[in-house]
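Scroll down for the structure; my scribbles are underneath it.
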Amino acid sequence: MESHDNISLMTDARNNAKRNMVGPTIPKGFVLGEFTNYSDATAMVEKLLAGEFRPENISLIGHDPLLVERIKSRLGYGRVALSGAMTGFWIGLIFALLVGAGITVSPEGELSYNPQQFFAAVVIAAGIGMLFNITRFSLSKNRRGFLSTQMPVAARWEVVVPDAEAGRARNLLGLASDA
């Protein structure tokens, strides 16, 4: 009977811990400043940190998130072929080194090296990689003619501190008080 009591206590402790867990929340407090770019907001944070303000009391909040896609270059069969050849080259090089392509051991135990076999393995792998990439590119249904990168950015930033620390933060930044 005691073992059942211990089990129920342990189960209750786990359930209570799960109920009390709070997910990510938006920090509340006094807004020290609003900025249109991230570097200006971090400059304010650096000033606060230089004045020995506790870092755990500072929040940087980005509003109005946007996804920005920056175009890097054109994408055509030449670039796809070169990319596939380079990938195949590296895979072939690793494979040739692991397998020991071009290295033979005679019955007497002497090692000999034939670089042509080693380079043949690397060149064949580069060719296979190139063909694979070209085939994959030509069969893709949603083919785009460019390479790009995507990154999330915020339209504006706020530096927020707890209401209780707002006066000290404003003094550190040299801002006039609202009193």
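Labels for the structure tokens follow display order: chains A, B, ..., residues from 1 in each chain, ligands from 1.
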Quiz item: Could you pull out the strand (DSSP E) residues of segment 12-152 of chain A from DSSP and send them as a ChimeraX atom specification?
Solution: /A:30-35,59-74,103-105,111-113,146-152
Exercise. For segment 109-120 of chain A, work out the shell of residues within 10 Å, counting only C-alpha atoms and skipping chain neighbours fewer than 3 positions away, then give it as a PyMOL selection string.
Key: chain A and resi 89+92-93+95-97+99-106+123-126
Quiz prompt | All residues 10 Å or closer to segment 129-133 of chain A, only C-alpha atoms, same chain fewer than 2 positions away omitted, as an MDAnalysis selection string | solution = chainID A and resid 77:92 123:127 135:139
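For Leu75 of chain A, the set of protein, DNA and RNA residues having any atom at most 8 Å away, when counting only C-alpha atoms and skipping those fewer than 5 positions along the same chain, is Val80, Arg144, Gly145, Phe146 and Leu147 of chain A.
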Exercise. Mind listing the alpha helix (DSSP H) residues of segment 99-165 of chain A, per DSSP on the backbone, as number ranges by chain?
Key: A: 99, 115-139
Preceding selection exported with C-alpha atoms as a PDB file, in the first residue's frame:
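Dumped to result_20.pdb:
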```pdb
ATOM      1  CA  VAL A  99      38.930   2.846 -49.611  1.00  0.00           C
ATOM      2  CA  PRO A 115      47.798   7.845 -58.592  1.00  0.00           C
ATOM      3  CA  GLN A 116      45.848   7.289 -61.816  1.00  0.00           C
ATOM      4  CA  GLN A 117      43.407   4.998 -59.985  1.00  0.00           C
ATOM      5  CA  PHE A 118      42.986   7.513 -57.173  1.00  0.00           C
ATOM      6  CA  PHE A 119      42.285  10.411 -59.537  1.00  0.00           C
ATOM      7  CA  ALA A 120      40.017   8.230 -61.696  1.00  0.00           C
ATOM      8  CA  ALA A 121      37.819   7.544 -58.642  1.00  0.00           C
ATOM      9  CA  VAL A 122      37.618  11.266 -57.856  1.00  0.00           C
ATOM     10  CA  VAL A 123      36.855  12.279 -61.479  1.00  0.00           C
ATOM     11  CA  ILE A 124      34.196   9.566 -61.890  1.00  0.00           C
ATOM     12  CA  ALA A 125      32.510  10.684 -58.653  1.00  0.00           C
ATOM     13  CA  ALA A 126      32.577  14.315 -59.855  1.00  0.00           C
ATOM     14  CA  GLY A 127      30.947  13.256 -63.136  1.00  0.00           C
ATOM     15  CA  ILE A 128      28.252  11.267 -61.347  1.00  0.00           C
ATOM     16  CA  GLY A 129      27.555  14.222 -59.044  1.00  0.00           C
ATOM     17  CA  MET A 130      27.305  16.566 -62.026  1.00  0.00           C
ATOM     18  CA  LEU A 131      24.900  14.271 -63.900  1.00  0.00           C
ATOM     19  CA  PHE A 132      22.793  13.752 -60.788  1.00  0.00           C
ATOM     20  CA  ASN A 133      22.476  17.498 -60.171  1.00  0.00           C
ATOM     21  CA  ILE A 134      21.640  18.309 -63.799  1.00  0.00           C
ATOM     22  CA  THR A 135      18.989  15.563 -63.878  1.00  0.00           C
ATOM     23  CA  ARG A 136      17.497  16.710 -60.592  1.00  0.00           C
ATOM     24  CA  PHE A 137      17.390  20.339 -61.779  1.00  0.00           C
ATOM     25  CA  SER A 138      15.815  19.535 -65.141  1.00  0.00           C
ATOM     26  CA  LEU A 139      13.128  17.327 -63.570  1.00  0.00           C
TER      27      LEU A 139
END
```
Quiz item: Skipping near chain neighbours, those fewer than 2 positions away, what residues fall within 10 Å of segment 23-36 of chain A using only C-alpha atoms, listed as a PyMOL selection string?
Solution: chain A and resi 20-21+38-42+44-45+57-63+154-167+169-170+173+175
Just-selected residues, N, CA and C atoms written as an mmCIF file, in the first residue's frame:
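The file below, selection-v3.cif, is the result:
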```cif
data_model
loop_
_atom_site.group_PDB
_atom_site.id
_atom_site.type_symbol
_atom_site.label_atom_id
_atom_site.label_comp_id
_atom_site.auth_asym_id
_atom_site.auth_seq_id
_atom_site.Cartn_x
_atom_site.Cartn_y
_atom_site.Cartn_z
ATOM 1 N N ASN A 20 2.258 23.941 -14.100
ATOM 2 C CA ASN A 20 2.856 25.215 -13.722
ATOM 3 C C ASN A 20 3.856 25.737 -14.744
ATOM 4 N N MET A 21 4.202 24.914 -15.732
ATOM 5 C CA MET A 21 5.170 25.367 -16.740
ATOM 6 C C MET A 21 4.539 26.458 -17.597
ATOM 7 N N TYR A 38 17.794 47.119 -35.908
ATOM 8 C CA TYR A 38 18.312 46.312 -34.809
ATOM 9 C C TYR A 38 19.571 46.915 -34.190
ATOM 10 N N SER A 39 20.438 47.495 -34.984
ATOM 11 C CA SER A 39 21.707 48.009 -34.450
ATOM 12 C C SER A 39 21.486 49.171 -33.485
ATOM 13 N N ASP A 40 20.491 50.028 -33.741
ATOM 14 C CA ASP A 40 20.198 51.116 -32.807
ATOM 15 C C ASP A 40 19.660 50.571 -31.485
ATOM 16 N N ALA A 41 18.822 49.538 -31.563
ATOM 17 C CA ALA A 41 18.271 48.931 -30.348
ATOM 18 C C ALA A 41 19.377 48.278 -29.523
ATOM 19 N N THR A 42 20.294 47.580 -30.177
ATOM 20 C CA THR A 42 21.381 46.938 -29.430
ATOM 21 C C THR A 42 22.344 47.962 -28.862
ATOM 22 N N MET A 44 21.437 50.752 -27.493
ATOM 23 C CA MET A 44 20.836 51.140 -26.212
ATOM 24 C C MET A 44 21.082 50.059 -25.159
ATOM 25 N N VAL A 45 20.968 48.815 -25.555
ATOM 26 C CA VAL A 45 21.223 47.713 -24.622
ATOM 27 C C VAL A 45 22.674 47.764 -24.141
ATOM 28 N N ASN A 57 17.157 41.762 -16.907
ATOM 29 C CA ASN A 57 16.028 42.686 -16.830
ATOM 30 C C ASN A 57 15.801 43.447 -18.136
ATOM 31 N N ILE A 58 16.561 43.138 -19.174
ATOM 32 C CA ILE A 58 16.437 43.837 -20.456
ATOM 33 C C ILE A 58 15.857 42.874 -21.488
ATOM 34 N N SER A 59 14.888 43.354 -22.239
ATOM 35 C CA SER A 59 14.331 42.560 -23.336
ATOM 36 C C SER A 59 14.360 43.381 -24.609
ATOM 37 N N LEU A 60 14.647 42.725 -25.696
ATOM 38 C CA LEU A 60 14.624 43.328 -27.025
ATOM 39 C C LEU A 60 13.478 42.658 -27.767
ATOM 40 N N ILE A 61 12.476 43.419 -28.153
ATOM 41 C CA ILE A 61 11.289 42.842 -28.777
ATOM 42 C C ILE A 61 11.185 43.344 -30.213
ATOM 43 N N GLY A 62 11.128 42.414 -31.152
ATOM 44 C CA GLY A 62 10.942 42.752 -32.563
ATOM 45 C C GLY A 62 9.470 42.659 -32.920
ATOM 46 N N HIS A 63 8.941 43.675 -33.576
ATOM 47 C CA HIS A 63 7.535 43.710 -33.981
ATOM 48 C C HIS A 63 7.416 43.632 -35.488
ATOM 49 N N ALA A 154 12.558 42.157 -38.334
ATOM 50 C CA ALA A 154 11.465 42.891 -37.717
ATOM 51 C C ALA A 154 11.426 44.300 -38.276
ATOM 52 N N ALA A 155 10.229 44.860 -38.380
ATOM 53 C CA ALA A 155 10.074 46.219 -38.901
ATOM 54 C C ALA A 155 10.456 47.255 -37.846
ATOM 55 N N ARG A 156 10.256 46.934 -36.566
ATOM 56 C CA ARG A 156 10.645 47.851 -35.498
ATOM 57 C C ARG A 156 11.030 47.059 -34.260
ATOM 58 N N TRP A 157 11.831 47.681 -33.425
ATOM 59 C CA TRP A 157 12.364 47.047 -32.217
ATOM 60 C C TRP A 157 12.071 47.913 -31.002
ATOM 61 N N GLU A 158 11.804 47.269 -29.877
ATOM 62 C CA GLU A 158 11.609 47.956 -28.607
ATOM 63 C C GLU A 158 12.579 47.403 -27.584
ATOM 64 N N VAL A 159 13.112 48.295 -26.745
ATOM 65 C CA VAL A 159 13.917 47.887 -25.599
ATOM 66 C C VAL A 159 13.016 48.052 -24.384
ATOM 67 N N VAL A 160 12.779 46.944 -23.666
ATOM 68 C CA VAL A 160 11.836 46.924 -22.553
ATOM 69 C C VAL A 160 12.547 46.499 -21.282
ATOM 70 N N VAL A 161 12.233 47.185 -20.171
ATOM 71 C CA VAL A 161 12.729 46.815 -18.842
ATOM 72 C C VAL A 161 11.540 46.724 -17.907
ATOM 73 N N PRO A 162 11.661 46.000 -16.785
ATOM 74 C CA PRO A 162 10.552 45.941 -15.831
ATOM 75 C C PRO A 162 10.207 47.343 -15.310
ATOM 76 N N ASP A 163 8.932 47.568 -15.013
ATOM 77 C CA ASP A 163 8.487 48.873 -14.526
ATOM 78 C C ASP A 163 9.277 49.324 -13.304
ATOM 79 N N ALA A 164 9.611 48.392 -12.414
ATOM 80 C CA ALA A 164 10.332 48.735 -11.187
ATOM 81 C C ALA A 164 11.750 49.244 -11.471
ATOM 82 N N GLU A 165 12.325 48.869 -12.606
ATOM 83 C CA GLU A 165 13.697 49.261 -12.949
ATOM 84 C C GLU A 165 13.743 50.415 -13.952
ATOM 85 N N ALA A 166 12.585 50.913 -14.362
ATOM 86 C CA ALA A 166 12.529 51.921 -15.425
ATOM 87 C C ALA A 166 13.263 53.206 -15.048
ATOM 88 N N GLY A 167 13.080 53.688 -13.799
ATOM 89 C CA GLY A 167 13.739 54.932 -13.389
ATOM 90 C C GLY A 167 15.246 54.827 -13.459
ATOM 91 N N ALA A 169 17.001 52.731 -15.295
ATOM 92 C CA ALA A 169 17.402 52.603 -16.697
ATOM 93 C C ALA A 169 17.392 53.974 -17.390
ATOM 94 N N ARG A 170 16.380 54.755 -17.150
ATOM 95 C CA ARG A 170 16.285 56.088 -17.761
ATOM 96 C C ARG A 170 17.434 56.978 -17.297
ATOM 97 N N LEU A 173 20.604 56.078 -19.099
ATOM 98 C CA LEU A 173 20.595 56.520 -20.485
ATOM 99 C C LEU A 173 20.560 58.044 -20.614
ATOM 100 N N LEU A 175 17.936 59.940 -19.927
ATOM 101 C CA LEU A 175 16.622 60.366 -20.413
ATOM 102 C C LEU A 175 15.906 61.127 -19.294
#
```
Practice problem: Work out how far atom CA of Leu67 of chain A is from atom CA of Gln150 of chain A, in Å to one decimal. | Solution: 6.7 Å
Exercise. Just give me the gap between atom CA of Val153 of chain A and atom CA of Arg54 of chain A in Å, one decimal is fine.
Key: 26.3 Å
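As for atom CA of Met151 of chain A and atom CA of Leu66 of chain A, they are spaced 8.4 Å apart.
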